[in-house]
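Undergrad: Here it is, the structure, as structure tokens.
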Amino acid sequence: MTPPKRLTQQDIARMAGVSQTTVSMVLNNRSDTEVRISPETRDRVLRVIRETGYIADPAARRLAERRNRIIGVFTYEAVFPSASADFYHPFLLGIEERAEDAGCDLLLFTSAKAASGERRRIFNADSRVRLADGCVLLGRTVDRDDLARLLAEGFPFVSIGRRDDAGGPVPYVGVDYPPAVRALVERVTALGHTRLAYVGAGEGGESRTDRMRGFRDAAGPEALHLPVEEGGHARILDELSAAGVTAAFVEEPADGTALAEAAEARGLSVPGDLSILVLGTPDRRPGFTGFRIPRREIGWRAVELLTEILERGGTPQELLPCEPVEGSTLAAPRDRKA
């Protein structure tokens with residue numbers, strides 16, 4: 001007689017109609033400032049646990065009972081201390097929390113420039129990446145040759161950020177940018193804005209192309225696109241003004257800050273003269289209208305998906321939704337205001 005299949009957190013999540021992350025937080029009695037679980041949701045998860053007789057045995061904990069109990073984190077940029085520390089900190093916090101739940105240690109592999117000026121690669125003469133059971137890749141861009149070799153050699157890994165195929169499908173957890181950007185564009189046009197612009201590269205990496213795709217889907221091909229060149233925010237303001245743009249969608253939060261400061265230095269009002277929407281979690285200047293990237297939750301899921309790969313194989317790919325952020329940088333254009 002075949003023994004019954006043991007229930008997993010995924011089974012409980014499906015029955016309760018929530019994410020696996022939510023089930024894990026309920027089981028561990030966790031709460032934090034970024035992800036809040038309503039009492040109704042918590043009660044629903046606990047009811048399913050009681051009704052099914054589920055005994056907590058997370059995959060991550062089973063992972064901790066074998067192998068080296070080491071999860072690698074390979075960073076393609078310097079993450080601390082650095083100007084980008086605030087951006088990477090929530091990812092690292094989420095990774096650390098899930099590794100702690102699993103009873104695993106973290107081993108950081110960095111590709112920050114060495115004395116020679118060359119960046120380390122995952123595979124090189126001094127590589128120690130195989131000390132880890134598997135690896136989470138962290139960086140705005142990831143080397144495609146590294147991805148191809150990881151896939152070819154069957155080394156378990158998960159990329160933070162959506163990645164195109166690299167000789168095969170790449171396991172990842174990333175951000176579902178297109179619908180988030182489309183929703184912002186639709187909100188802006190509903191206020192009466194008709195001249196829109198996308199400020200940023202819009203290419204060169206999956207996260208950039210995804211944001212541009214969402215913008216084009218909603219704004220149309222005729223909307224203005226202005227790449228940012230170093231020190232070019234004054235030029236961008238000139239071009240926005242010449243084109244009659246009243247709402248700018250800025251790819252990088254730092255550029256949103258610089259653009260707002262440049263506008264204010266000219267005596268322009270944000271959002272009175274120009275609405276600015278930031279397509280990602282703002283950095284040092286709060287108050288932008290846009291959306292929040294669920295970076296901490298992505299860190300959690302990266303470790304959870306790596307656990308699944310180590311236990312069952314496969315190539316999981318997951319995109320998490322963004323949370324809209326109500327800011328003070330969006331208003332109706334002047335000719336539509338009462």
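Each chain in the structure tokens gets a letter, A, B and so on, in the order shown; residues start at 1 in every chain, and ligands are counted from 1 in the order they appear.
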Write down as an mmCIF file with N, CA and C atoms, in the first residue's frame the residues belonging to segment 111-298 of chain A that are assigned strand (DSSP E or B) by DSSP computed on the backbone.
TA:
```
data_model
loop_
_atom_site.group_PDB
_atom_site.id
_atom_site.type_symbol
_atom_site.label_atom_id
_atom_site.label_comp_id
_atom_site.auth_asym_id
_atom_site.auth_seq_id
_atom_site.Cartn_x
_atom_site.Cartn_y
_atom_site.Cartn_z
ATOM 1 N N GLY A 134 24.112 25.232 -2.821
ATOM 2 C CA GLY A 134 23.518 25.939 -3.942
ATOM 3 C C GLY A 134 23.754 27.414 -3.737
ATOM 4 N N CYS A 135 23.369 28.214 -4.709
ATOM 5 C CA CYS A 135 23.746 29.617 -4.662
ATOM 6 C C CYS A 135 22.590 30.516 -5.107
ATOM 7 N N VAL A 136 22.475 31.666 -4.447
ATOM 8 C CA VAL A 136 21.578 32.736 -4.868
ATOM 9 C C VAL A 136 22.429 33.792 -5.559
ATOM 10 N N LEU A 137 22.036 34.179 -6.771
ATOM 11 C CA LEU A 137 22.768 35.194 -7.528
ATOM 12 C C LEU A 137 22.093 36.537 -7.344
ATOM 13 N N LEU A 138 22.864 37.532 -6.953
ATOM 14 C CA LEU A 138 22.313 38.842 -6.621
ATOM 15 C C LEU A 138 23.054 39.920 -7.399
ATOM 16 N N PHE A 157 21.050 26.760 -8.394
ATOM 17 C CA PHE A 157 21.114 28.199 -8.148
ATOM 18 C C PHE A 157 19.751 28.814 -8.438
ATOM 19 N N VAL A 158 19.563 30.007 -7.911
ATOM 20 C CA VAL A 158 18.392 30.829 -8.210
ATOM 21 C C VAL A 158 18.879 32.252 -8.410
ATOM 22 N N SER A 159 18.436 32.867 -9.479
ATOM 23 C CA SER A 159 18.784 34.259 -9.733
ATOM 24 C C SER A 159 17.719 35.169 -9.138
ATOM 25 N N ILE A 160 18.166 36.216 -8.460
ATOM 26 C CA ILE A 160 17.230 37.259 -8.047
ATOM 27 C C ILE A 160 17.090 38.219 -9.217
ATOM 28 N N TYR A 172 14.563 31.604 -11.403
ATOM 29 C CA TYR A 172 14.646 32.964 -10.865
ATOM 30 C C TYR A 172 13.409 33.288 -10.049
ATOM 31 N N VAL A 173 13.568 34.340 -9.228
ATOM 32 C CA VAL A 173 12.437 35.016 -8.602
ATOM 33 C C VAL A 173 12.676 36.504 -8.829
ATOM 34 N N GLY A 174 11.680 37.168 -9.392
ATOM 35 C CA GLY A 174 11.873 38.564 -9.747
ATOM 36 C C GLY A 174 10.610 39.377 -9.549
ATOM 37 N N VAL A 175 10.586 40.517 -10.222
ATOM 38 C CA VAL A 175 9.507 41.490 -10.072
ATOM 39 C C VAL A 175 8.654 41.487 -11.335
ATOM 40 N N LEU A 196 3.370 61.965 -22.163
ATOM 41 C CA LEU A 196 4.115 61.172 -21.183
ATOM 42 C C LEU A 196 5.520 60.908 -21.695
ATOM 43 N N ALA A 197 6.442 60.652 -20.764
ATOM 44 C CA ALA A 197 7.816 60.323 -21.147
ATOM 45 C C ALA A 197 8.364 59.248 -20.229
ATOM 46 N N TYR A 198 9.202 58.398 -20.796
ATOM 47 C CA TYR A 198 9.939 57.385 -20.030
ATOM 48 C C TYR A 198 11.375 57.877 -19.933
ATOM 49 N N VAL A 199 11.880 58.025 -18.715
ATOM 50 C CA VAL A 199 13.231 58.529 -18.485
ATOM 51 C C VAL A 199 14.088 57.378 -17.968
ATOM 52 N N LEU A 224 7.334 59.739 -25.452
ATOM 53 C CA LEU A 224 8.750 60.126 -25.498
ATOM 54 C C LEU A 224 9.609 59.193 -24.650
ATOM 55 N N HIS A 225 10.808 58.888 -25.147
ATOM 56 C CA HIS A 225 11.791 58.095 -24.402
ATOM 57 C C HIS A 225 13.083 58.885 -24.326
ATOM 58 N N LEU A 226 13.550 59.157 -23.103
ATOM 59 C CA LEU A 226 14.769 59.938 -22.899
ATOM 60 C C LEU A 226 15.756 59.146 -22.052
ATOM 61 N N ALA A 247 4.036 64.393 -17.393
ATOM 62 C CA ALA A 247 4.249 63.265 -16.474
ATOM 63 C C ALA A 247 5.431 62.437 -16.961
ATOM 64 N N ALA A 248 6.440 62.292 -16.095
ATOM 65 C CA ALA A 248 7.643 61.530 -16.431
ATOM 66 C C ALA A 248 7.708 60.272 -15.584
ATOM 67 N N PHE A 249 7.934 59.141 -16.241
ATOM 68 C CA PHE A 249 8.091 57.844 -15.582
ATOM 69 C C PHE A 249 9.581 57.535 -15.549
ATOM 70 N N VAL A 250 10.169 57.544 -14.350
ATOM 71 C CA VAL A 250 11.615 57.467 -14.211
ATOM 72 C C VAL A 250 12.026 56.056 -13.803
ATOM 73 N N SER A 275 4.634 66.046 -13.069
ATOM 74 C CA SER A 275 4.461 64.872 -12.215
ATOM 75 C C SER A 275 5.602 63.898 -12.480
ATOM 76 N N ILE A 276 6.155 63.344 -11.407
ATOM 77 C CA ILE A 276 7.264 62.391 -11.529
ATOM 78 C C ILE A 276 6.861 61.102 -10.829
ATOM 79 N N LEU A 277 6.933 60.011 -11.566
ATOM 80 C CA LEU A 277 6.613 58.691 -11.012
ATOM 81 C C LEU A 277 7.861 57.822 -11.081
ATOM 82 N N VAL A 278 8.182 57.190 -9.972
ATOM 83 C CA VAL A 278 9.395 56.377 -9.879
ATOM 84 C C VAL A 278 9.024 54.906 -9.996
ATOM 85 N N THR A 289 5.472 59.103 -5.925
ATOM 86 C CA THR A 289 4.411 58.196 -6.349
ATOM 87 C C THR A 289 5.035 57.122 -7.234
ATOM 88 N N GLY A 290 4.605 55.889 -7.060
ATOM 89 C CA GLY A 290 5.161 54.794 -7.863
ATOM 90 C C GLY A 290 4.752 53.455 -7.292
ATOM 91 N N PHE A 291 5.722 52.582 -7.092
ATOM 92 C CA PHE A 291 5.437 51.293 -6.468
ATOM 93 C C PHE A 291 6.656 50.808 -5.715
ATOM 94 N N ARG A 292 6.398 49.873 -4.804
ATOM 95 C CA ARG A 292 7.470 49.294 -3.992
ATOM 96 C C ARG A 292 7.850 47.932 -4.533
#
```
Undergrad: Please provide the set of residues having any atom within 7 Å of segment 258-263 of chain A, restricted to only C-alpha atoms, with same-chain residues fewer than 5 positions apart removed, written as a VMD selection string.
TA: chain A and resid 233 to 234 268 270
Undergrad: Using only C-alpha atoms, which of the listed residues (A:Ala243, A:Ala99, A:Ala180, A:Ala302) sits closest to Val325 of chain A?
TA: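 Between A:Ala243, A:Ala99, A:Ala180, A:Ala302, the residue approaching Val325 of chain A most closely is A:Ala180.
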Undergrad: Just how far from atom CA of Ile298 of chain A is atom CA of Glu97 of chain A, in Å to one decimal?
TA: 11.7 Å
Undergrad: Counting only C-alpha atoms, what is within 8 Å of segment 316-318 of chain A, bar same-chain residues fewer than 2 positions away, as a list in words?
TA: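 What passes the distance filter is Arg162, Val170, Pro171, Tyr172, Val173, Gly174, Leu305, Ile309, Gly314 and Leu320 of chain A.
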Undergrad: Filtering to N, CA and C atoms, could you give me those residues as a PDB file, in the first residue's frame?
TA:
```pdb
ATOM      1  N   ARG A 162      14.378  38.451 -12.951  1.00  0.00           N
ATOM      2  CA  ARG A 162      14.046  37.643 -14.131  1.00  0.00           C
ATOM      3  C   ARG A 162      15.231  37.609 -15.086  1.00  0.00           C
ATOM      4  N   VAL A 170      16.278  29.662 -17.001  1.00  0.00           N
ATOM      5  CA  VAL A 170      17.019  30.033 -15.795  1.00  0.00           C
ATOM      6  C   VAL A 170      16.059  30.097 -14.602  1.00  0.00           C
ATOM      7  N   PRO A 171      16.388  29.436 -13.488  1.00  0.00           N
ATOM      8  CA  PRO A 171      15.541  29.567 -12.297  1.00  0.00           C
ATOM      9  C   PRO A 171      15.686  30.963 -11.691  1.00  0.00           C
ATOM     10  N   TYR A 172      14.563  31.604 -11.403  1.00  0.00           N
ATOM     11  CA  TYR A 172      14.646  32.964 -10.865  1.00  0.00           C
ATOM     12  C   TYR A 172      13.409  33.288 -10.049  1.00  0.00           C
ATOM     13  N   VAL A 173      13.568  34.340  -9.228  1.00  0.00           N
ATOM     14  CA  VAL A 173      12.437  35.016  -8.602  1.00  0.00           C
ATOM     15  C   VAL A 173      12.676  36.504  -8.829  1.00  0.00           C
ATOM     16  N   GLY A 174      11.680  37.168  -9.392  1.00  0.00           N
ATOM     17  CA  GLY A 174      11.873  38.564  -9.747  1.00  0.00           C
ATOM     18  C   GLY A 174      10.610  39.377  -9.549  1.00  0.00           C
ATOM     19  N   LEU A 305      12.919  28.744  -3.116  1.00  0.00           N
ATOM     20  CA  LEU A 305      13.008  28.091  -4.425  1.00  0.00           C
ATOM     21  C   LEU A 305      14.293  27.288  -4.554  1.00  0.00           C
ATOM     22  N   ILE A 309      14.740  23.275  -5.482  1.00  0.00           N
ATOM     23  CA  ILE A 309      15.643  22.737  -6.500  1.00  0.00           C
ATOM     24  C   ILE A 309      16.547  21.671  -5.901  1.00  0.00           C
ATOM     25  N   GLY A 314      14.180  20.731 -10.966  1.00  0.00           N
ATOM     26  CA  GLY A 314      13.261  21.633 -11.639  1.00  0.00           C
ATOM     27  C   GLY A 314      13.868  22.995 -11.877  1.00  0.00           C
ATOM     28  N   LEU A 320       6.946  38.333  -8.536  1.00  0.00           N
ATOM     29  CA  LEU A 320       6.114  38.831  -7.450  1.00  0.00           C
ATOM     30  C   LEU A 320       5.559  40.209  -7.811  1.00  0.00           C
TER      31      LEU A 320
END
```
Undergrad: Could you check the closest approach to Gly313 of chain A for each of A:Pro156, A:Gly220, A:Pro333, A:Gly192 and tell me which residue wins, using only C-alpha atoms?
TA: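 Among the listed residues, the smallest separation from Gly313 of chain A belongs to A:Pro156.
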Undergrad: With distances taken over only C-alpha atoms, which residue among A:Arg187, A:Ile37, A:Phe87, A:Leu27 lies nearest Arg50 of chain A?
TA: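 Among the listed residues, A:Leu27 lies closest to Arg50 of chain A.
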Undergrad: Work out how far atom CA of Gly202 of chain A is from atom CA of Pro227 of chain A, in Å to one decimal.
TA: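 About the pair atom CA of Pro227 of chain A and atom CA of Gly202 of chain A: they are 7.6 Å apart.
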